[in-house]
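Q: Take this structure first; my questions come after.
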Amino acid sequence: MIAAILLAAAPAWTEVPGASILEAQVEGTIVAWLPTEAADGRREIVLVVRQDPGGEQRLLRLSLDPARPGVSPLAAPPLPREATVLAPRLGAGTATTLVASREGAIDRLDPTETPRWVPWITDPALRTNRGIRFDRALDGAPLVLAAGPGSLVAWRVDASGTTRLPEAAIPVEVRRASNGLNVVSLPLVAIAGRLVTPPVAVGLERVRIYAADATAWPPAFETCWGRLPSPERVLDSAIVTLDGEPHAVVTTMDATKLEVFGEKRLRVFPLRSDRTRAGVEARLASETDMNLWQPATFVTRDLNGDGRDDLAIAYWKGLRSVKAAVEVRLADGAGGFGPARRTEVGLDEDSPGWLGFDRDLDGDAVPDLALVAGARLKAFRGRATADGRRVVEPRPYLDVPAGDPGGGGGFSISIGASGVDGGPVGGGTGVRVEDIDGDAAPEVIVASGSTIRIIAPKRAP
């Protein structure tokens, strides 16, 4: 059976203008990919592959060695379809450990001559319908997290084993479904030393956010409220940091009239506990050029070098012709933001897909605009800006085949001081930007179906 999961084509690094590309195709469907690092510093990618929709999962190794790239089976027993595979760093060093969660347990891969899965944590709280995550406490100790409706269970990992921490209550939301009411846990994000839920609309005039000190266990959540300037419906929401403080960002539309071709409004709220529930006023309330149906990517970073975080929004624009837009609002030094400045780049391809503006791909310390459209990855070199205008070059410096990234996986819970330390849960396909070979330069990884592409942009001269 292992021999059946082989390469459809031998992988090789290919040099193209502006990048090196490693493409591998396997027999089956890639359901997740995990960057790993051995104790000797050797790095590779583990592919989680399923040949049949309801079948078992097997693991393959993708070598990143420029001289000898290749895919080989990882001779470990297959895993059931519902198992989730992760690659956290559990020790004091940099090496990763492959673990797999199943009903009632998490197993570790014993990397002997004959690899096998051995039980590591056994607990009834480890259910397949819970999100399993790895993170780190503020003192650096690894944490294993299992989130379920209304509760969060954690285990602390040290040299002697694992210690179960007291179960923590986490915010929930009651949602109406076709079969009645469902109680679901709200997603949690660890940011700026706090544990925060994304903003949720309460009526048409307020948003609610739960926040807790991420340094204490169990976390004690307080309720923060933001007041919308007028009756509005919330369309997008996110939690970002501005100058080290977490903020809630929402886009909205007018709730008093039907709009089809209208444009989104932007609201940014600091997180303040508010027992009155009246809600704090928005730090920023302005109009955008985003159409109502276009999703937004929010980025906060110092774009003009004045030491204050600015706010940027990347999104697709246009109906007949596709454009990618970056809308920038520079911090004004008085707690507010200046007017919106928009940079647009036109595309010849249709079928817009993934889009990002938060990473420096060419090594010049300025964020680049990267996107996938028409099965091609394009990167537009970032420009230093003093006024928020023309933040990227009008033409791409990188234009290479990327395939169809399809949908992406994701994560719904994070806790601790350093963000998630591990891999995707139940997904991992789509587009990710990550330094997978340890050279301090990010690669773009596009995975979908039976194909994974590693695109390594060339550094700026």
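Starting from 1 in every chain, residues are counted up; chains themselves are A, B, ... following the order of the structure tokens, and ligands are numbered from 1 as listed.
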With a distance cut-off of 12 Å and only C-alpha atoms, select the neighbouring residues of A:Thr14, excluding the residue or stretch itself and same-chain residues fewer than 4 positions from it, and output the selection as a compact mmCIF listing (two decimals) with all heavy atoms, in the first residue's frame.
A:
```
# COMPACT_ATOMS: atom_id res chain seq x y z
N GLY A 18 13.20 35.38 -11.31
CA GLY A 18 12.77 35.90 -10.03
C GLY A 18 12.55 34.89 -8.94
O GLY A 18 12.26 35.26 -7.80
N ALA A 19 12.66 33.58 -9.23
CA ALA A 19 12.36 32.59 -8.19
C ALA A 19 12.90 31.23 -8.56
O ALA A 19 13.24 30.95 -9.71
CB ALA A 19 10.85 32.51 -7.97
N SER A 20 12.98 30.37 -7.52
CA SER A 20 13.20 28.94 -7.70
C SER A 20 11.92 28.24 -7.27
O SER A 20 11.30 28.62 -6.27
CB SER A 20 14.38 28.46 -6.86
OG SER A 20 15.57 29.13 -7.20
N ILE A 21 11.52 27.19 -8.00
CA ILE A 21 10.26 26.51 -7.72
C ILE A 21 10.51 25.01 -7.61
O ILE A 21 11.18 24.41 -8.45
CB ILE A 21 9.22 26.76 -8.83
CG1 ILE A 21 8.94 28.26 -8.97
CG2 ILE A 21 7.92 26.02 -8.53
CD1 ILE A 21 7.96 28.61 -10.08
N LEU A 22 9.98 24.43 -6.53
CA LEU A 22 9.97 22.98 -6.36
C LEU A 22 8.52 22.52 -6.42
O LEU A 22 7.69 22.96 -5.62
CB LEU A 22 10.59 22.59 -5.02
CG LEU A 22 10.55 21.09 -4.68
CD1 LEU A 22 11.37 20.28 -5.67
CD2 LEU A 22 11.04 20.85 -3.26
N GLU A 23 8.21 21.66 -7.37
CA GLU A 23 6.85 21.15 -7.52
C GLU A 23 6.85 19.64 -7.35
O GLU A 23 7.69 18.94 -7.92
CB GLU A 23 6.27 21.52 -8.88
CG GLU A 23 4.87 20.97 -9.11
CD GLU A 23 4.28 21.39 -10.45
OE1 GLU A 23 4.47 22.56 -10.85
OE2 GLU A 23 3.65 20.54 -11.11
N ALA A 24 5.92 19.15 -6.53
CA ALA A 24 5.79 17.71 -6.33
C ALA A 24 4.33 17.32 -6.49
O ALA A 24 3.44 18.01 -6.00
CB ALA A 24 6.30 17.30 -4.95
N PRO A 66 18.47 21.26 -2.19
CA PRO A 66 18.56 21.73 -3.58
C PRO A 66 19.19 20.71 -4.52
O PRO A 66 18.86 20.66 -5.70
CB PRO A 66 19.41 23.00 -3.47
CG PRO A 66 19.27 23.44 -2.05
CD PRO A 66 19.13 22.19 -1.25
N ALA A 67 20.13 19.91 -3.99
CA ALA A 67 20.81 18.95 -4.85
C ALA A 67 20.02 17.66 -5.02
O ALA A 67 20.11 17.00 -6.07
CB ALA A 67 22.19 18.63 -4.28
N PRO A 69 16.26 16.93 -4.16
CA PRO A 69 14.87 17.00 -3.70
C PRO A 69 14.15 15.70 -4.03
O PRO A 69 14.51 15.00 -4.98
CB PRO A 69 14.29 18.17 -4.49
CG PRO A 69 15.11 18.18 -5.76
CD PRO A 69 16.49 17.75 -5.35
N VAL A 400 4.91 33.81 -11.79
CA VAL A 400 5.24 32.41 -12.02
C VAL A 400 3.98 31.56 -11.89
O VAL A 400 3.01 31.96 -11.24
CB VAL A 400 6.31 31.92 -11.02
CG1 VAL A 400 7.61 32.68 -11.20
CG2 VAL A 400 5.81 32.04 -9.59
N PRO A 401 3.97 30.37 -12.50
CA PRO A 401 2.81 29.48 -12.33
C PRO A 401 2.65 29.07 -10.87
O PRO A 401 3.63 28.78 -10.17
CB PRO A 401 3.16 28.28 -13.21
CG PRO A 401 4.21 28.76 -14.14
CD PRO A 401 4.97 29.81 -13.41
N ARG A 453 3.53 23.20 -4.40
CA ARG A 453 4.59 24.01 -5.01
C ARG A 453 5.25 24.86 -3.94
O ARG A 453 4.58 25.56 -3.19
CB ARG A 453 4.04 24.91 -6.11
CG ARG A 453 3.54 24.18 -7.35
CD ARG A 453 2.96 25.16 -8.35
NE ARG A 453 2.54 24.51 -9.59
CZ ARG A 453 1.35 23.94 -9.75
NH1 ARG A 453 0.47 23.96 -8.75
NH2 ARG A 453 1.03 23.36 -10.88
N ILE A 454 6.58 24.84 -3.90
CA ILE A 454 7.37 25.69 -3.03
C ILE A 454 8.00 26.75 -3.92
O ILE A 454 8.83 26.42 -4.79
CB ILE A 454 8.47 24.90 -2.29
CG1 ILE A 454 7.93 23.58 -1.74
CG2 ILE A 454 9.09 25.77 -1.20
CD1 ILE A 454 6.88 23.70 -0.70
N ILE A 455 7.62 28.00 -3.74
CA ILE A 455 8.13 29.10 -4.57
C ILE A 455 9.02 29.96 -3.70
O ILE A 455 8.58 30.55 -2.72
CB ILE A 455 6.98 29.92 -5.15
CG1 ILE A 455 6.04 29.02 -5.97
CG2 ILE A 455 7.52 31.07 -6.02
CD1 ILE A 455 4.76 29.70 -6.41
N ALA A 456 10.32 29.99 -4.04
CA ALA A 456 11.32 30.74 -3.28
C ALA A 456 11.73 31.98 -4.07
O ALA A 456 12.54 31.88 -4.99
CB ALA A 456 12.53 29.87 -2.98
N PRO A 457 11.17 33.16 -3.74
CA PRO A 457 11.54 34.37 -4.50
C PRO A 457 13.02 34.71 -4.31
O PRO A 457 13.60 34.48 -3.25
CB PRO A 457 10.65 35.45 -3.88
CG PRO A 457 9.53 34.70 -3.24
CD PRO A 457 10.13 33.42 -2.75
```
Q: What lies within 9 Å of stretch 167-179 of chain A using only C-alpha atoms, ignoring chain neighbours under 2 positions off, as a ChimeraX atom specification?
A: /A:147-154,164-165,181-188,197,210,217-221
Q: Output the selection as a short mmCIF file (atom, residue, chain, number, x, y, z; two decimals), in the first residue's frame - N, CA, C and O atoms for each residue.
A:
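This is the output file selection.cif:
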```cif
data_model
loop_
_atom_site.label_atom_id
_atom_site.label_comp_id
_atom_site.auth_asym_id
_atom_site.auth_seq_id
_atom_site.Cartn_x
_atom_site.Cartn_y
_atom_site.Cartn_z
N ALA A 147 -9.95 22.60 22.63
CA ALA A 147 -11.08 23.50 22.79
C ALA A 147 -12.36 22.80 22.40
O ALA A 147 -12.43 22.13 21.37
N GLY A 148 -13.39 22.96 23.22
CA GLY A 148 -14.71 22.43 22.93
C GLY A 148 -15.75 23.47 23.27
O GLY A 148 -15.42 24.58 23.69
N PRO A 149 -17.03 23.17 23.08
CA PRO A 149 -18.08 24.15 23.37
C PRO A 149 -18.01 24.64 24.82
O PRO A 149 -18.29 23.90 25.76
N GLY A 150 -17.58 25.89 25.00
CA GLY A 150 -17.58 26.52 26.31
C GLY A 150 -16.42 26.18 27.21
O GLY A 150 -16.35 26.69 28.33
N SER A 151 -15.47 25.35 26.77
CA SER A 151 -14.38 24.97 27.67
C SER A 151 -13.08 24.80 26.91
O SER A 151 -13.05 24.50 25.71
N LEU A 152 -11.98 25.00 27.64
CA LEU A 152 -10.64 24.85 27.10
C LEU A 152 -9.82 24.03 28.10
O LEU A 152 -9.72 24.38 29.27
N VAL A 153 -9.29 22.92 27.61
CA VAL A 153 -8.47 22.05 28.44
C VAL A 153 -7.03 22.18 27.97
O VAL A 153 -6.77 22.25 26.76
N ALA A 154 -6.08 22.21 28.90
CA ALA A 154 -4.68 22.39 28.54
C ALA A 154 -3.79 21.45 29.34
O ALA A 154 -4.10 21.09 30.49
N ARG A 164 -1.91 18.15 33.45
CA ARG A 164 -3.20 18.72 33.06
C ARG A 164 -3.49 19.94 33.91
O ARG A 164 -3.43 19.90 35.15
N LEU A 165 -3.82 21.05 33.27
CA LEU A 165 -4.17 22.29 33.96
C LEU A 165 -5.67 22.34 34.21
O LEU A 165 -6.44 21.63 33.55
N LEU A 181 -31.06 25.22 18.15
CA LEU A 181 -30.02 26.15 18.55
C LEU A 181 -28.73 25.39 18.81
O LEU A 181 -28.73 24.33 19.45
N ASN A 182 -27.62 25.96 18.34
CA ASN A 182 -26.31 25.37 18.56
C ASN A 182 -25.48 26.30 19.44
O ASN A 182 -25.48 27.52 19.24
N VAL A 183 -24.77 25.72 20.39
CA VAL A 183 -23.85 26.48 21.22
C VAL A 183 -22.43 26.22 20.72
O VAL A 183 -21.98 25.06 20.69
N VAL A 184 -21.75 27.26 20.29
CA VAL A 184 -20.41 27.11 19.74
C VAL A 184 -19.45 28.02 20.48
O VAL A 184 -19.81 29.11 20.93
N SER A 185 -18.21 27.57 20.64
CA SER A 185 -17.18 28.39 21.25
C SER A 185 -16.70 29.42 20.24
O SER A 185 -16.54 29.13 19.05
N LEU A 186 -16.46 30.63 20.71
CA LEU A 186 -15.92 31.67 19.83
C LEU A 186 -14.44 31.43 19.60
O LEU A 186 -13.72 30.95 20.49
N PRO A 187 -13.94 31.75 18.40
CA PRO A 187 -12.49 31.62 18.16
C PRO A 187 -11.71 32.51 19.11
O PRO A 187 -12.18 33.57 19.53
N LEU A 188 -10.52 32.07 19.47
CA LEU A 188 -9.65 32.82 20.36
C LEU A 188 -8.33 33.09 19.68
O LEU A 188 -7.78 32.22 19.01
N THR A 197 -11.39 37.36 21.52
CA THR A 197 -12.29 36.83 20.49
C THR A 197 -12.51 37.91 19.43
O THR A 197 -12.49 39.10 19.72
N TYR A 210 -14.63 39.66 23.72
CA TYR A 210 -14.18 39.13 25.00
C TYR A 210 -12.66 39.13 25.02
O TYR A 210 -12.01 38.76 24.03
N TRP A 217 -3.68 31.48 34.17
CA TRP A 217 -4.49 30.30 33.89
C TRP A 217 -5.26 29.93 35.14
O TRP A 217 -4.67 29.86 36.22
N PRO A 218 -6.58 29.67 35.03
CA PRO A 218 -7.38 29.79 33.81
C PRO A 218 -7.65 31.25 33.47
O PRO A 218 -7.70 32.09 34.36
N PRO A 219 -7.82 31.57 32.19
CA PRO A 219 -8.07 32.96 31.80
C PRO A 219 -9.44 33.44 32.28
O PRO A 219 -10.41 32.68 32.26
N ALA A 220 -9.50 34.70 32.75
CA ALA A 220 -10.76 35.32 33.20
C ALA A 220 -11.14 36.38 32.17
O ALA A 220 -10.47 37.41 32.03
N PHE A 221 -12.24 36.15 31.47
CA PHE A 221 -12.61 37.02 30.36
C PHE A 221 -13.44 38.21 30.85
O PHE A 221 -14.33 38.06 31.71
#
```
Q: Would you pick out the contacts of A:Ser351 at 8 Å or less, using only C-alpha atoms, so that residues sharing its chain but fewer than 2 positions from it are not included, and give the list as an NGL selection string?
A: :A and (349 or 353 or 373-374)
Q: Tell me, as a list in words, which residues lie within 8 Å of A:Thr122, counting only C-alpha atoms; anything in the same chain fewer than 6 positions away does not count.
A: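 Non-adjacent residues within range: Gly104, Ala105 and Ile106 of chain A.
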Q: Suppose we keep all heavy atoms; can you now write the selection as a compact mmCIF listing (two decimals), in the first residue's frame?
A:
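Wrote it out as part.txt, contents follow:
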```txt
# COMPACT_ATOMS: atom_id res chain seq x y z
N GLY A 104 -9.87 10.54 22.26
CA GLY A 104 -9.41 10.20 23.59
C GLY A 104 -7.91 10.17 23.78
O GLY A 104 -7.45 9.84 24.89
N ALA A 105 -7.13 10.54 22.78
CA ALA A 105 -5.68 10.44 22.96
C ALA A 105 -4.94 11.27 21.92
O ALA A 105 -5.47 11.61 20.86
CB ALA A 105 -5.21 8.98 22.89
N ILE A 106 -3.67 11.57 22.26
CA ILE A 106 -2.71 12.11 21.30
C ILE A 106 -1.52 11.16 21.30
O ILE A 106 -0.98 10.80 22.36
CB ILE A 106 -2.25 13.53 21.69
CG1 ILE A 106 -3.43 14.51 21.66
CG2 ILE A 106 -1.16 14.01 20.75
CD1 ILE A 106 -3.05 15.92 22.07
```
Q: Using only C-alpha atoms, which of the listed residues (A:Leu266, A:Ile191, A:Glu113, A:Ala76) sits closest to A:Val99?
A: A:Ala76
Q: Out of stretch 167-311 of chain A, which residues get strand (DSSP E or B) from DSSP, as an MDAnalysis selection string?
A: chainID A and resid 168:169 172:177 180:185 188:191 194:196 200:202 206:213 222:227 232:242 245:254 263:270 273 280 284:291 297:301 310:311
Q: Mind pulling up the distance from atom CA of A:Glu15 to atom CA of A:Arg395?
A: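 Atom CA of A:Arg395 sits 20.6 Å away from atom CA of A:Glu15.
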Q: Taking only residues of stretch 166-230 of chain A that have an atom at most 12 Å from an atom of stretch 132-141 of chain A, what is each one's shortest atom pair and its distance in Å to one decimal, using only C-alpha atoms, in chain and number order, as a Markdown table?
A:
```
| residue | atom | partner | partner_atom | distance |
| --- | --- | --- | --- | --- |
| A:Leu188 | CA | A:Arg133 | CA | 11.5 |
| A:Val189 | CA | A:Asp135 | CA | 11.4 |
| A:Ala190 | CA | A:Asp135 | CA | 9.8 |
| A:Ala192 | CA | A:Leu138 | CA | 11.8 |
| A:Gly193 | CA | A:Leu138 | CA | 8.9 |
| A:Arg194 | CA | A:Leu138 | CA | 11.4 |
| A:Asp213 | CA | A:Leu138 | CA | 11.5 |
| A:Ala214 | CA | A:Leu138 | CA | 8.5 |
| A:Thr215 | CA | A:Leu138 | CA | 6.5 |
| A:Ala216 | CA | A:Ala137 | CA | 9.5 |
| A:Trp217 | CA | A:Ala137 | CA | 9.9 |
```
Q: Mind dumping the selected residues with all heavy atoms as a CSV table (one decimal), in the first residue's frame?
A:
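See again_24.csv below for the written result:
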```csv
chain,number,residue,atom,x,y,z
A,188,LEU,N,-10.5,32.1,19.5
A,188,LEU,CA,-9.7,32.8,20.4
A,188,LEU,C,-8.3,33.1,19.7
A,188,LEU,O,-7.8,32.2,19.0
A,188,LEU,CB,-9.4,32.1,21.7
A,188,LEU,CG,-10.6,31.7,22.5
A,188,LEU,CD1,-10.2,30.9,23.7
A,188,LEU,CD2,-11.3,33.0,23.0
A,189,VAL,N,-7.8,34.3,19.9
A,189,VAL,CA,-6.5,34.7,19.3
A,189,VAL,C,-5.7,35.2,20.4
A,189,VAL,O,-6.1,36.1,21.2
A,189,VAL,CB,-6.7,35.7,18.2
A,189,VAL,CG1,-5.4,36.2,17.6
A,189,VAL,CG2,-7.6,35.2,17.1
A,190,ALA,N,-4.4,34.8,20.5
A,190,ALA,CA,-3.5,35.3,21.5
A,190,ALA,C,-2.7,36.5,20.8
A,190,ALA,O,-2.1,36.3,19.8
A,190,ALA,CB,-2.5,34.2,21.9
A,192,ALA,N,-0.7,40.4,21.7
A,192,ALA,CA,-0.2,41.4,22.6
A,192,ALA,C,-0.5,41.0,24.1
A,192,ALA,O,-0.9,41.9,24.9
A,192,ALA,CB,-0.9,42.7,22.3
A,193,GLY,N,-0.2,39.8,24.4
A,193,GLY,CA,-0.3,39.3,25.8
A,193,GLY,C,-1.8,39.1,26.3
A,193,GLY,O,-2.0,38.9,27.5
A,194,ARG,N,-2.7,39.2,25.4
A,194,ARG,CA,-4.1,39.0,25.7
A,194,ARG,C,-4.7,37.9,24.9
A,194,ARG,O,-4.2,37.6,23.8
A,194,ARG,CB,-4.9,40.3,25.6
A,194,ARG,CG,-4.3,41.4,26.4
A,194,ARG,CD,-5.2,42.7,26.3
A,194,ARG,NE,-6.3,42.5,27.2
A,194,ARG,CZ,-7.3,43.5,27.3
A,194,ARG,NH1,-7.2,44.6,26.5
A,194,ARG,NH2,-8.3,43.3,28.1
A,213,ASP,N,-6.4,38.2,30.2
A,213,ASP,CA,-4.9,38.2,30.3
A,213,ASP,C,-4.4,36.8,29.9
A,213,ASP,O,-4.8,35.8,30.5
A,213,ASP,CB,-4.6,38.5,31.8
A,213,ASP,CG,-3.1,38.6,32.0
A,213,ASP,OD1,-2.3,38.3,31.1
A,213,ASP,OD2,-2.7,38.9,33.2
A,214,ALA,N,-3.5,36.8,28.9
A,214,ALA,CA,-3.0,35.5,28.5
A,214,ALA,C,-2.0,34.9,29.4
A,214,ALA,O,-1.5,33.8,29.2
A,214,ALA,CB,-2.5,35.6,27.0
A,215,THR,N,-1.5,35.7,30.4
A,215,THR,CA,-0.4,35.2,31.2
A,215,THR,C,-1.0,34.4,32.4
A,215,THR,O,-0.2,33.8,33.2
A,215,THR,CB,0.4,36.4,31.8
A,215,THR,OG1,-0.4,37.2,32.7
A,215,THR,CG2,0.9,37.2,30.6
A,216,ALA,N,-2.3,34.4,32.6
A,216,ALA,CA,-2.9,33.7,33.8
A,216,ALA,C,-3.7,32.5,33.3
A,216,ALA,O,-4.3,32.5,32.3
A,216,ALA,CB,-3.8,34.7,34.6
A,217,TRP,N,-3.7,31.5,34.2
A,217,TRP,CA,-4.5,30.3,33.9
A,217,TRP,C,-5.3,29.9,35.1
A,217,TRP,O,-4.7,29.9,36.2
A,217,TRP,CB,-3.6,29.1,33.4
A,217,TRP,CG,-4.5,28.0,32.9
A,217,TRP,CD1,-5.1,27.0,33.6
A,217,TRP,CD2,-4.9,27.8,31.5
A,217,TRP,NE1,-5.9,26.2,32.8
A,217,TRP,CE2,-5.7,26.7,31.5
A,217,TRP,CE3,-4.6,28.5,30.4
A,217,TRP,CZ2,-6.3,26.2,30.3
A,217,TRP,CZ3,-5.1,28.0,29.2
A,217,TRP,CH2,-5.9,26.9,29.2
```
Q: Find the residues near A:Ile313: any atom within 6 Å, counting only C-alpha atoms, skip ones fewer than 3 places away on the same chain, and give them as a list in words.
A: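 Neighbouring residues, sequence-local ones excluded: Thr297, Phe298, Val326 and Glu327 of chain A.
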Q: Contacts of A:Ala379 at 8 Å or less, counting only C-alpha atoms, minus same-chain residues fewer than 5 places along, as a PDB file with C-alpha atoms, in the first residue's frame?
A:
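The file below, out_17.pdb, is the result:
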```pdb
ATOM      1  CA  ASP A 368       5.411  43.359  -0.900  1.00  0.00           C
ATOM      2  CA  LEU A 369       1.989  42.753  -2.408  1.00  0.00           C
ATOM      3  CA  ALA A 370       1.622  39.087  -3.354  1.00  0.00           C
ATOM      4  CA  LEU A 371      -1.414  37.483  -4.959  1.00  0.00           C
ATOM      5  CA  PRO A 396       5.182  42.547 -10.780  1.00  0.00           C
ATOM      6  CA  TYR A 397       8.795  41.562 -10.319  1.00  0.00           C
ATOM      7  CA  LEU A 398       7.667  37.960  -9.909  1.00  0.00           C
ATOM      8  CA  ASP A 399       5.138  36.218 -12.188  1.00  0.00           C
TER       9      ASP A 399
END
```
